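I have placed the structure first, in the form of structure tokens, so that the comments after it can refer back to it.
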There are 2 protein chains.
Amino acid sequence: MELDRNGLEVLDRAECLRLVAASTLGRLALSSGALPLILPVNFLLDRDRIIVRTSPGSKLDAAVANAVVAFEVDDIDALSHSGWSVSITGLAREVTDPADVAHIAALPLAHWSHADGHVIAISTDLVSGRRLLAAGQTRSAS
Amino acid sequence: MELDRNGLEVLDRAECLRLVAASTLGRLALSSGALPLILPVNFLLDRDRIIVRTSPGSKLDAAVANAVVAFEVDDIDALSHSGWSVSITGLAREVTDPADVAHIAALPLAHWSHADGHVIAISTDLVSGRRLLAAGQTRSAS
């Protein structure tokens, strides 16, 4: 098992994407009026792309198209501080190809109420993940 | 109750800080090698400052000192999609004043294992929050 400089277990790309694929809520960092901002977003992983939907004209819509963005997914227990975190950096592009839009529209993401929304795909060029162990839990036991 | 353009309840600053004060895990957006990244961090709210601790020489340490950063705290149920989210944008500065360092060292933040870490305070200049309601829950019922 690979550990980072802080003693956390390093997750490989395949394990990171497996954890992300099983999640539906992430956080997206963007710039709004030249200031950084983090927003929670619903998403799904389609092959190796993060898919999010935006409302036309929204802050999110303006910020993410054709920008390099950061996306993060985690599942951390606040009391025990155990869990995992995956950070992704990639290029966000609007999906406009009709066949691709239709493919994405058929994916089972709940709570996509904006039928007129733009579909944004974020590439997963850089993926890094860590597993956090609860205090008192030995690393060799995981 | 104020609603935003997406129909979400807008939380005022006092309510945002009350929710943040009751939390211990947030996400911090930073730049690492000119690329954006989001990392989960333990924190506490001390008056109107977000306090985080960094390891000397770490990615986090290099990125947050004297930078305008984004910080986010939420508690969202992934199944019902109900909960809240608070986004903060502020200036991150290392705390070096001895009296202030001693004050912060006495605060009850668990899991601060790095006794030699730097203490970073993030101002809460811009605070915005939203409450998300579960699907099917009427807004007037909240």
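Each chain of the structure tokens is named A, B, ... in the order shown, its residues numbered from 1; ligands are numbered from 1 in display order.
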Quick one: superpose chain A onto chain B using all C-alpha atoms paired in order, least squares, and give it to me as a compact mmCIF listing (two decimals) with N, CA and C atoms, in the first residue's frame.
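Resulting contents of superposed.txt:
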```txt
# COMPACT_ATOMS: atom_id res chain seq x y z
N MET A 1 -39.30 34.32 3.41
CA MET A 1 -38.11 33.55 3.05
C MET A 1 -37.65 33.95 1.65
N GLU A 2 -36.36 34.24 1.52
CA GLU A 2 -35.83 34.64 0.21
C GLU A 2 -35.43 33.39 -0.58
N LEU A 3 -35.85 33.36 -1.84
CA LEU A 3 -35.47 32.24 -2.71
C LEU A 3 -34.57 32.75 -3.82
N ASP A 4 -33.61 31.93 -4.26
CA ASP A 4 -32.75 32.35 -5.36
C ASP A 4 -33.37 31.95 -6.70
N ARG A 5 -32.65 32.20 -7.77
CA ARG A 5 -33.21 31.96 -9.10
C ARG A 5 -33.52 30.48 -9.36
N ASN A 6 -32.91 29.60 -8.57
CA ASN A 6 -33.21 28.17 -8.72
C ASN A 6 -34.25 27.69 -7.72
N GLY A 7 -34.86 28.62 -6.99
CA GLY A 7 -35.89 28.23 -6.04
C GLY A 7 -35.35 27.71 -4.72
N LEU A 8 -34.06 27.91 -4.46
CA LEU A 8 -33.48 27.46 -3.20
C LEU A 8 -33.56 28.57 -2.17
N GLU A 9 -33.77 28.18 -0.89
CA GLU A 9 -33.84 29.16 0.17
C GLU A 9 -32.46 29.79 0.40
N VAL A 10 -32.41 31.10 0.42
CA VAL A 10 -31.17 31.82 0.67
C VAL A 10 -30.98 31.99 2.17
N LEU A 11 -29.83 31.57 2.68
CA LEU A 11 -29.53 31.71 4.11
C LEU A 11 -28.76 33.00 4.35
N ASP A 12 -29.10 33.71 5.42
CA ASP A 12 -28.37 34.94 5.70
C ASP A 12 -27.03 34.63 6.38
N ARG A 13 -26.19 35.66 6.50
CA ARG A 13 -24.83 35.46 7.02
C ARG A 13 -24.83 34.81 8.41
N ALA A 14 -25.72 35.28 9.28
CA ALA A 14 -25.75 34.75 10.65
C ALA A 14 -26.09 33.26 10.65
N GLU A 15 -27.07 32.89 9.83
CA GLU A 15 -27.45 31.48 9.76
C GLU A 15 -26.33 30.64 9.14
N CYS A 16 -25.67 31.20 8.12
CA CYS A 16 -24.54 30.50 7.51
C CYS A 16 -23.45 30.22 8.54
N LEU A 17 -23.08 31.25 9.31
CA LEU A 17 -21.99 31.09 10.27
C LEU A 17 -22.40 30.16 11.42
N ARG A 18 -23.69 30.15 11.76
CA ARG A 18 -24.17 29.22 12.78
C ARG A 18 -24.00 27.77 12.31
N LEU A 19 -24.33 27.51 11.06
CA LEU A 19 -24.19 26.16 10.50
C LEU A 19 -22.71 25.77 10.40
N VAL A 20 -21.88 26.72 9.97
CA VAL A 20 -20.45 26.45 9.83
C VAL A 20 -19.82 26.19 11.20
N ALA A 21 -20.26 26.93 12.21
CA ALA A 21 -19.70 26.78 13.55
C ALA A 21 -19.95 25.39 14.12
N ALA A 22 -21.02 24.75 13.66
CA ALA A 22 -21.37 23.42 14.17
C ALA A 22 -20.72 22.30 13.34
N SER A 23 -19.86 22.66 12.41
CA SER A 23 -19.23 21.67 11.52
C SER A 23 -17.73 21.62 11.78
N THR A 24 -17.10 20.52 11.36
CA THR A 24 -15.65 20.38 11.55
C THR A 24 -14.92 20.00 10.27
N LEU A 25 -15.67 19.70 9.21
CA LEU A 25 -15.05 19.28 7.95
C LEU A 25 -15.53 20.19 6.83
N GLY A 26 -14.58 20.77 6.09
CA GLY A 26 -14.93 21.60 4.95
C GLY A 26 -14.07 21.24 3.76
N ARG A 27 -14.29 21.93 2.65
CA ARG A 27 -13.48 21.72 1.45
C ARG A 27 -12.88 23.06 1.06
N LEU A 28 -11.59 23.01 0.72
CA LEU A 28 -10.84 24.21 0.40
C LEU A 28 -10.36 24.11 -1.04
N ALA A 29 -10.62 25.16 -1.82
CA ALA A 29 -10.12 25.20 -3.20
C ALA A 29 -8.82 25.97 -3.23
N LEU A 30 -7.83 25.42 -3.92
CA LEU A 30 -6.53 26.08 -4.00
C LEU A 30 -5.94 25.82 -5.38
N SER A 31 -4.84 26.49 -5.65
CA SER A 31 -4.11 26.25 -6.89
C SER A 31 -2.83 25.51 -6.55
N SER A 32 -2.56 24.44 -7.31
CA SER A 32 -1.34 23.68 -7.11
C SER A 32 -0.67 23.52 -8.47
N GLY A 33 0.47 24.15 -8.65
CA GLY A 33 1.12 24.11 -9.95
C GLY A 33 0.25 24.72 -11.02
N ALA A 34 -0.46 25.80 -10.68
CA ALA A 34 -1.34 26.54 -11.59
C ALA A 34 -2.62 25.79 -11.93
N LEU A 35 -2.84 24.64 -11.31
CA LEU A 35 -4.08 23.91 -11.56
C LEU A 35 -4.97 23.95 -10.33
N PRO A 36 -6.28 24.09 -10.55
CA PRO A 36 -7.19 24.13 -9.40
C PRO A 36 -7.36 22.74 -8.78
N LEU A 37 -7.60 22.74 -7.49
CA LEU A 37 -7.71 21.50 -6.72
C LEU A 37 -8.61 21.76 -5.52
N ILE A 38 -9.40 20.78 -5.13
CA ILE A 38 -10.22 20.88 -3.92
C ILE A 38 -9.75 19.81 -2.95
N LEU A 39 -9.52 20.20 -1.71
CA LEU A 39 -9.10 19.25 -0.68
C LEU A 39 -10.03 19.35 0.53
N PRO A 40 -10.37 18.21 1.13
CA PRO A 40 -11.11 18.26 2.39
C PRO A 40 -10.18 18.65 3.53
N VAL A 41 -10.65 19.49 4.43
CA VAL A 41 -9.82 19.93 5.56
C VAL A 41 -10.66 19.98 6.84
N ASN A 42 -10.02 19.67 7.94
CA ASN A 42 -10.63 19.91 9.25
C ASN A 42 -10.49 21.39 9.55
N PHE A 43 -11.47 21.94 10.22
CA PHE A 43 -11.40 23.37 10.52
C PHE A 43 -12.22 23.65 11.77
N LEU A 44 -12.08 24.86 12.24
CA LEU A 44 -13.06 25.37 13.19
C LEU A 44 -13.29 26.84 12.92
N LEU A 45 -14.45 27.30 13.34
CA LEU A 45 -14.78 28.72 13.20
C LEU A 45 -14.43 29.40 14.52
N ASP A 46 -13.54 30.39 14.45
CA ASP A 46 -13.17 31.16 15.64
C ASP A 46 -13.64 32.59 15.40
N ARG A 47 -14.62 33.01 16.13
CA ARG A 47 -15.31 34.27 15.84
C ARG A 47 -15.76 34.22 14.38
N ASP A 48 -15.24 35.11 13.53
CA ASP A 48 -15.66 35.07 12.13
C ASP A 48 -14.53 34.61 11.21
N ARG A 49 -13.60 33.82 11.75
CA ARG A 49 -12.50 33.31 10.94
C ARG A 49 -12.58 31.79 10.84
N ILE A 50 -12.25 31.27 9.65
CA ILE A 50 -12.07 29.83 9.48
C ILE A 50 -10.61 29.53 9.82
N ILE A 51 -10.40 28.61 10.75
CA ILE A 51 -9.04 28.24 11.16
C ILE A 51 -8.71 26.85 10.64
N VAL A 52 -7.62 26.74 9.88
CA VAL A 52 -7.13 25.42 9.46
C VAL A 52 -5.65 25.33 9.79
N ARG A 53 -5.18 24.11 9.92
CA ARG A 53 -3.77 23.92 10.23
C ARG A 53 -3.11 23.22 9.03
N THR A 54 -1.93 23.62 8.69
CA THR A 54 -1.23 23.01 7.56
C THR A 54 0.13 22.50 8.01
N SER A 55 0.62 21.50 7.27
CA SER A 55 1.97 21.01 7.52
C SER A 55 2.97 21.88 6.77
N PRO A 56 4.06 22.26 7.42
CA PRO A 56 5.06 23.08 6.74
C PRO A 56 5.53 22.39 5.46
N GLY A 57 5.58 23.15 4.37
CA GLY A 57 6.08 22.60 3.11
C GLY A 57 5.06 21.83 2.30
N SER A 58 3.85 21.69 2.82
CA SER A 58 2.85 20.91 2.09
C SER A 58 2.24 21.75 0.97
N LYS A 59 1.55 21.05 0.08
CA LYS A 59 0.83 21.68 -1.03
C LYS A 59 -0.15 22.73 -0.49
N LEU A 60 -0.85 22.33 0.56
CA LEU A 60 -1.83 23.22 1.17
C LEU A 60 -1.15 24.46 1.73
N ASP A 61 -0.03 24.23 2.41
CA ASP A 61 0.69 25.32 3.05
C ASP A 61 1.15 26.34 2.02
N ALA A 62 1.70 25.84 0.92
CA ALA A 62 2.21 26.74 -0.12
C ALA A 62 1.09 27.51 -0.80
N ALA A 63 -0.06 26.88 -0.92
CA ALA A 63 -1.11 27.46 -1.74
C ALA A 63 -1.96 28.49 -1.03
N VAL A 64 -2.15 28.34 0.27
CA VAL A 64 -3.16 29.16 0.90
C VAL A 64 -2.65 30.45 1.54
N ALA A 65 -1.35 30.54 1.79
CA ALA A 65 -0.87 31.73 2.49
C ALA A 65 -1.01 32.97 1.61
N ASN A 66 -1.72 33.96 2.11
CA ASN A 66 -1.92 35.24 1.42
C ASN A 66 -2.63 35.10 0.07
N ALA A 67 -3.47 34.11 -0.05
CA ALA A 67 -4.24 33.93 -1.28
C ALA A 67 -5.72 34.12 -0.97
N VAL A 68 -6.47 34.56 -1.97
CA VAL A 68 -7.92 34.56 -1.85
C VAL A 68 -8.37 33.13 -2.16
N VAL A 69 -9.06 32.52 -1.22
CA VAL A 69 -9.43 31.12 -1.37
C VAL A 69 -10.94 30.94 -1.23
N ALA A 70 -11.39 29.80 -1.71
CA ALA A 70 -12.79 29.42 -1.54
C ALA A 70 -12.86 28.27 -0.55
N PHE A 71 -13.86 28.34 0.31
CA PHE A 71 -14.05 27.31 1.33
C PHE A 71 -15.53 26.97 1.32
N GLU A 72 -15.84 25.71 1.50
CA GLU A 72 -17.24 25.30 1.45
C GLU A 72 -17.53 24.27 2.52
N VAL A 73 -18.69 24.38 3.13
CA VAL A 73 -19.15 23.42 4.12
C VAL A 73 -20.58 23.05 3.73
N ASP A 74 -20.90 21.78 3.83
CA ASP A 74 -22.29 21.41 3.55
C ASP A 74 -22.68 20.20 4.37
N ASP A 75 -23.95 19.95 4.39
CA ASP A 75 -24.49 18.73 4.98
C ASP A 75 -25.69 18.37 4.12
N ILE A 76 -25.44 17.53 3.14
CA ILE A 76 -26.46 17.19 2.14
C ILE A 76 -26.67 15.69 2.14
N ASP A 77 -27.93 15.29 2.25
CA ASP A 77 -28.25 13.88 2.18
C ASP A 77 -28.30 13.46 0.71
N ALA A 78 -27.42 12.53 0.34
CA ALA A 78 -27.29 12.18 -1.09
C ALA A 78 -28.56 11.52 -1.63
N LEU A 79 -29.30 10.87 -0.79
CA LEU A 79 -30.50 10.19 -1.28
C LEU A 79 -31.67 11.15 -1.45
N SER A 80 -31.94 11.96 -0.42
CA SER A 80 -33.09 12.86 -0.49
C SER A 80 -32.72 14.20 -1.11
N HIS A 81 -31.42 14.48 -1.22
CA HIS A 81 -30.93 15.77 -1.74
C HIS A 81 -31.44 16.94 -0.90
N SER A 82 -31.64 16.71 0.38
CA SER A 82 -32.00 17.81 1.27
C SER A 82 -30.77 18.15 2.12
N GLY A 83 -30.73 19.36 2.59
CA GLY A 83 -29.60 19.78 3.41
C GLY A 83 -29.27 21.23 3.17
N TRP A 84 -28.01 21.58 3.39
CA TRP A 84 -27.59 22.98 3.23
C TRP A 84 -26.15 23.03 2.74
N SER A 85 -25.81 24.15 2.20
CA SER A 85 -24.45 24.39 1.72
C SER A 85 -24.09 25.85 1.97
N VAL A 86 -22.88 26.09 2.46
CA VAL A 86 -22.39 27.45 2.67
C VAL A 86 -21.05 27.61 1.95
N SER A 87 -20.94 28.64 1.13
CA SER A 87 -19.70 28.94 0.41
C SER A 87 -19.10 30.23 0.94
N ILE A 88 -17.81 30.18 1.20
CA ILE A 88 -17.10 31.33 1.77
C ILE A 88 -15.93 31.67 0.87
N THR A 89 -15.73 32.95 0.60
CA THR A 89 -14.54 33.41 -0.10
C THR A 89 -13.85 34.43 0.79
N GLY A 90 -12.56 34.23 1.00
CA GLY A 90 -11.85 35.14 1.88
C GLY A 90 -10.35 35.06 1.66
N LEU A 91 -9.65 35.88 2.43
CA LEU A 91 -8.19 35.92 2.33
C LEU A 91 -7.59 35.00 3.39
N ALA A 92 -6.69 34.13 2.95
CA ALA A 92 -6.01 33.22 3.89
C ALA A 92 -4.67 33.82 4.29
N ARG A 93 -4.45 33.91 5.59
CA ARG A 93 -3.18 34.44 6.09
C ARG A 93 -2.67 33.53 7.19
N GLU A 94 -1.36 33.39 7.27
CA GLU A 94 -0.79 32.62 8.37
C GLU A 94 -0.90 33.44 9.66
N VAL A 95 -1.30 32.78 10.73
CA VAL A 95 -1.38 33.45 12.03
C VAL A 95 0.00 33.35 12.68
N THR A 96 0.62 34.48 12.95
CA THR A 96 1.96 34.48 13.53
C THR A 96 2.03 35.22 14.86
N ASP A 97 1.02 36.02 15.15
CA ASP A 97 1.02 36.75 16.42
C ASP A 97 0.98 35.74 17.57
N PRO A 98 1.99 35.78 18.46
CA PRO A 98 2.09 34.75 19.53
C PRO A 98 0.82 34.62 20.37
N ALA A 99 0.21 35.75 20.71
CA ALA A 99 -1.00 35.68 21.54
C ALA A 99 -2.13 35.02 20.77
N ASP A 100 -2.21 35.30 19.48
CA ASP A 100 -3.26 34.70 18.66
C ASP A 100 -3.00 33.20 18.45
N VAL A 101 -1.75 32.84 18.25
CA VAL A 101 -1.39 31.42 18.10
C VAL A 101 -1.76 30.66 19.37
N ALA A 102 -1.47 31.26 20.51
CA ALA A 102 -1.79 30.61 21.79
C ALA A 102 -3.30 30.49 21.97
N HIS A 103 -4.02 31.53 21.59
CA HIS A 103 -5.49 31.50 21.65
C HIS A 103 -6.03 30.35 20.82
N ILE A 104 -5.51 30.20 19.60
CA ILE A 104 -6.01 29.16 18.70
C ILE A 104 -5.61 27.77 19.19
N ALA A 105 -4.40 27.67 19.74
CA ALA A 105 -3.94 26.36 20.24
C ALA A 105 -4.84 25.82 21.34
N ALA A 106 -5.52 26.72 22.04
CA ALA A 106 -6.38 26.31 23.15
C ALA A 106 -7.78 25.95 22.69
N LEU A 107 -8.07 26.13 21.41
CA LEU A 107 -9.41 25.82 20.91
C LEU A 107 -9.58 24.31 20.76
N PRO A 108 -10.79 23.85 20.94
CA PRO A 108 -11.02 22.39 21.00
C PRO A 108 -11.20 21.75 19.62
N LEU A 109 -10.18 21.76 18.80
CA LEU A 109 -10.26 21.04 17.54
C LEU A 109 -9.52 19.72 17.64
N ALA A 110 -10.25 18.65 17.48
CA ALA A 110 -9.65 17.32 17.55
C ALA A 110 -8.86 17.05 16.28
N HIS A 111 -8.04 16.02 16.32
CA HIS A 111 -7.33 15.54 15.14
C HIS A 111 -6.35 16.57 14.59
N TRP A 112 -5.84 17.41 15.44
CA TRP A 112 -4.78 18.32 14.99
C TRP A 112 -3.47 17.71 15.43
N SER A 113 -2.99 16.81 14.63
CA SER A 113 -1.83 16.04 15.05
C SER A 113 -0.52 16.78 14.80
N HIS A 114 -0.56 17.80 13.94
CA HIS A 114 0.69 18.46 13.57
C HIS A 114 0.98 19.60 14.54
N ALA A 115 1.69 19.27 15.60
CA ALA A 115 1.97 20.29 16.60
C ALA A 115 2.87 21.38 16.03
N ASP A 116 3.60 21.03 14.97
CA ASP A 116 4.51 22.01 14.37
C ASP A 116 3.87 22.69 13.15
N GLY A 117 2.59 22.48 12.96
CA GLY A 117 1.94 23.00 11.76
C GLY A 117 1.74 24.50 11.80
N HIS A 118 1.57 25.06 10.63
CA HIS A 118 1.20 26.47 10.54
C HIS A 118 -0.30 26.61 10.76
N VAL A 119 -0.68 27.73 11.33
CA VAL A 119 -2.09 28.03 11.54
C VAL A 119 -2.49 29.07 10.50
N ILE A 120 -3.53 28.74 9.75
CA ILE A 120 -4.02 29.64 8.71
C ILE A 120 -5.41 30.12 9.10
N ALA A 121 -5.61 31.41 9.01
CA ALA A 121 -6.94 31.98 9.26
C ALA A 121 -7.49 32.51 7.94
N ILE A 122 -8.73 32.14 7.64
CA ILE A 122 -9.39 32.59 6.41
C ILE A 122 -10.51 33.53 6.80
N SER A 123 -10.47 34.74 6.27
CA SER A 123 -11.52 35.71 6.59
C SER A 123 -12.81 35.30 5.88
N THR A 124 -13.91 35.70 6.48
CA THR A 124 -15.21 35.34 5.90
C THR A 124 -15.84 36.57 5.27
N ASP A 125 -15.12 37.12 4.30
CA ASP A 125 -15.58 38.35 3.65
C ASP A 125 -16.87 38.13 2.88
N LEU A 126 -16.89 37.06 2.10
CA LEU A 126 -18.08 36.75 1.31
C LEU A 126 -18.64 35.42 1.80
N VAL A 127 -19.88 35.44 2.24
CA VAL A 127 -20.53 34.23 2.75
C VAL A 127 -21.88 34.10 2.07
N SER A 128 -22.13 32.97 1.46
CA SER A 128 -23.45 32.74 0.89
C SER A 128 -23.88 31.32 1.18
N GLY A 129 -25.16 31.13 1.40
CA GLY A 129 -25.64 29.81 1.76
C GLY A 129 -27.00 29.53 1.15
N ARG A 130 -27.25 28.25 0.96
CA ARG A 130 -28.53 27.81 0.42
C ARG A 130 -29.00 26.59 1.20
N ARG A 131 -30.31 26.49 1.35
CA ARG A 131 -30.89 25.28 1.90
C ARG A 131 -31.57 24.54 0.76
N LEU A 132 -31.28 23.25 0.65
CA LEU A 132 -31.86 22.40 -0.37
C LEU A 132 -32.98 21.59 0.26
N LEU A 133 -34.10 21.55 -0.39
CA LEU A 133 -35.22 20.79 0.14
C LEU A 133 -35.33 19.48 -0.61
N ALA A 134 -35.80 18.47 0.10
CA ALA A 134 -35.98 17.16 -0.52
C ALA A 134 -37.06 17.25 -1.60
N ALA A 135 -36.91 16.46 -2.64
CA ALA A 135 -37.93 16.41 -3.68
C ALA A 135 -39.26 16.01 -3.05
N GLY A 136 -40.30 16.74 -3.42
CA GLY A 136 -41.62 16.41 -2.87
C GLY A 136 -41.95 17.21 -1.64
N GLN A 137 -40.91 17.82 -1.02
CA GLN A 137 -41.13 18.63 0.17
C GLN A 137 -41.51 20.03 -0.29
N THR A 138 -42.60 20.57 0.23
CA THR A 138 -42.98 21.90 -0.22
C THR A 138 -42.16 22.95 0.50
N ARG A 139 -41.88 24.02 -0.19
CA ARG A 139 -41.03 25.06 0.41
C ARG A 139 -41.71 25.73 1.59
N SER A 140 -43.02 25.84 1.53
CA SER A 140 -43.70 26.52 2.61
C SER A 140 -43.70 25.71 3.89
N ALA A 141 -43.36 24.41 3.78
CA ALA A 141 -43.35 23.55 4.96
C ALA A 141 -42.06 23.68 5.75
N SER A 142 -41.04 24.33 5.18
CA SER A 142 -39.75 24.37 5.88
C SER A 142 -39.69 25.56 6.83
```
DSSP-assigned alpha helix (DSSP H) among segment 37-104 of chain A, expressed as JSON, numbers by chain | {"A": [59, 60, 61, 62, 63, 64, 98, 99, 100, 101, 102, 103, 104]}
Among the residues of segment 12-65 of chain B, find those DSSP assigns to strand (DSSP E or B) from the backbone and print them as number ranges by chain.
-> B: 25-32, 35-42, 44-46, 49-54
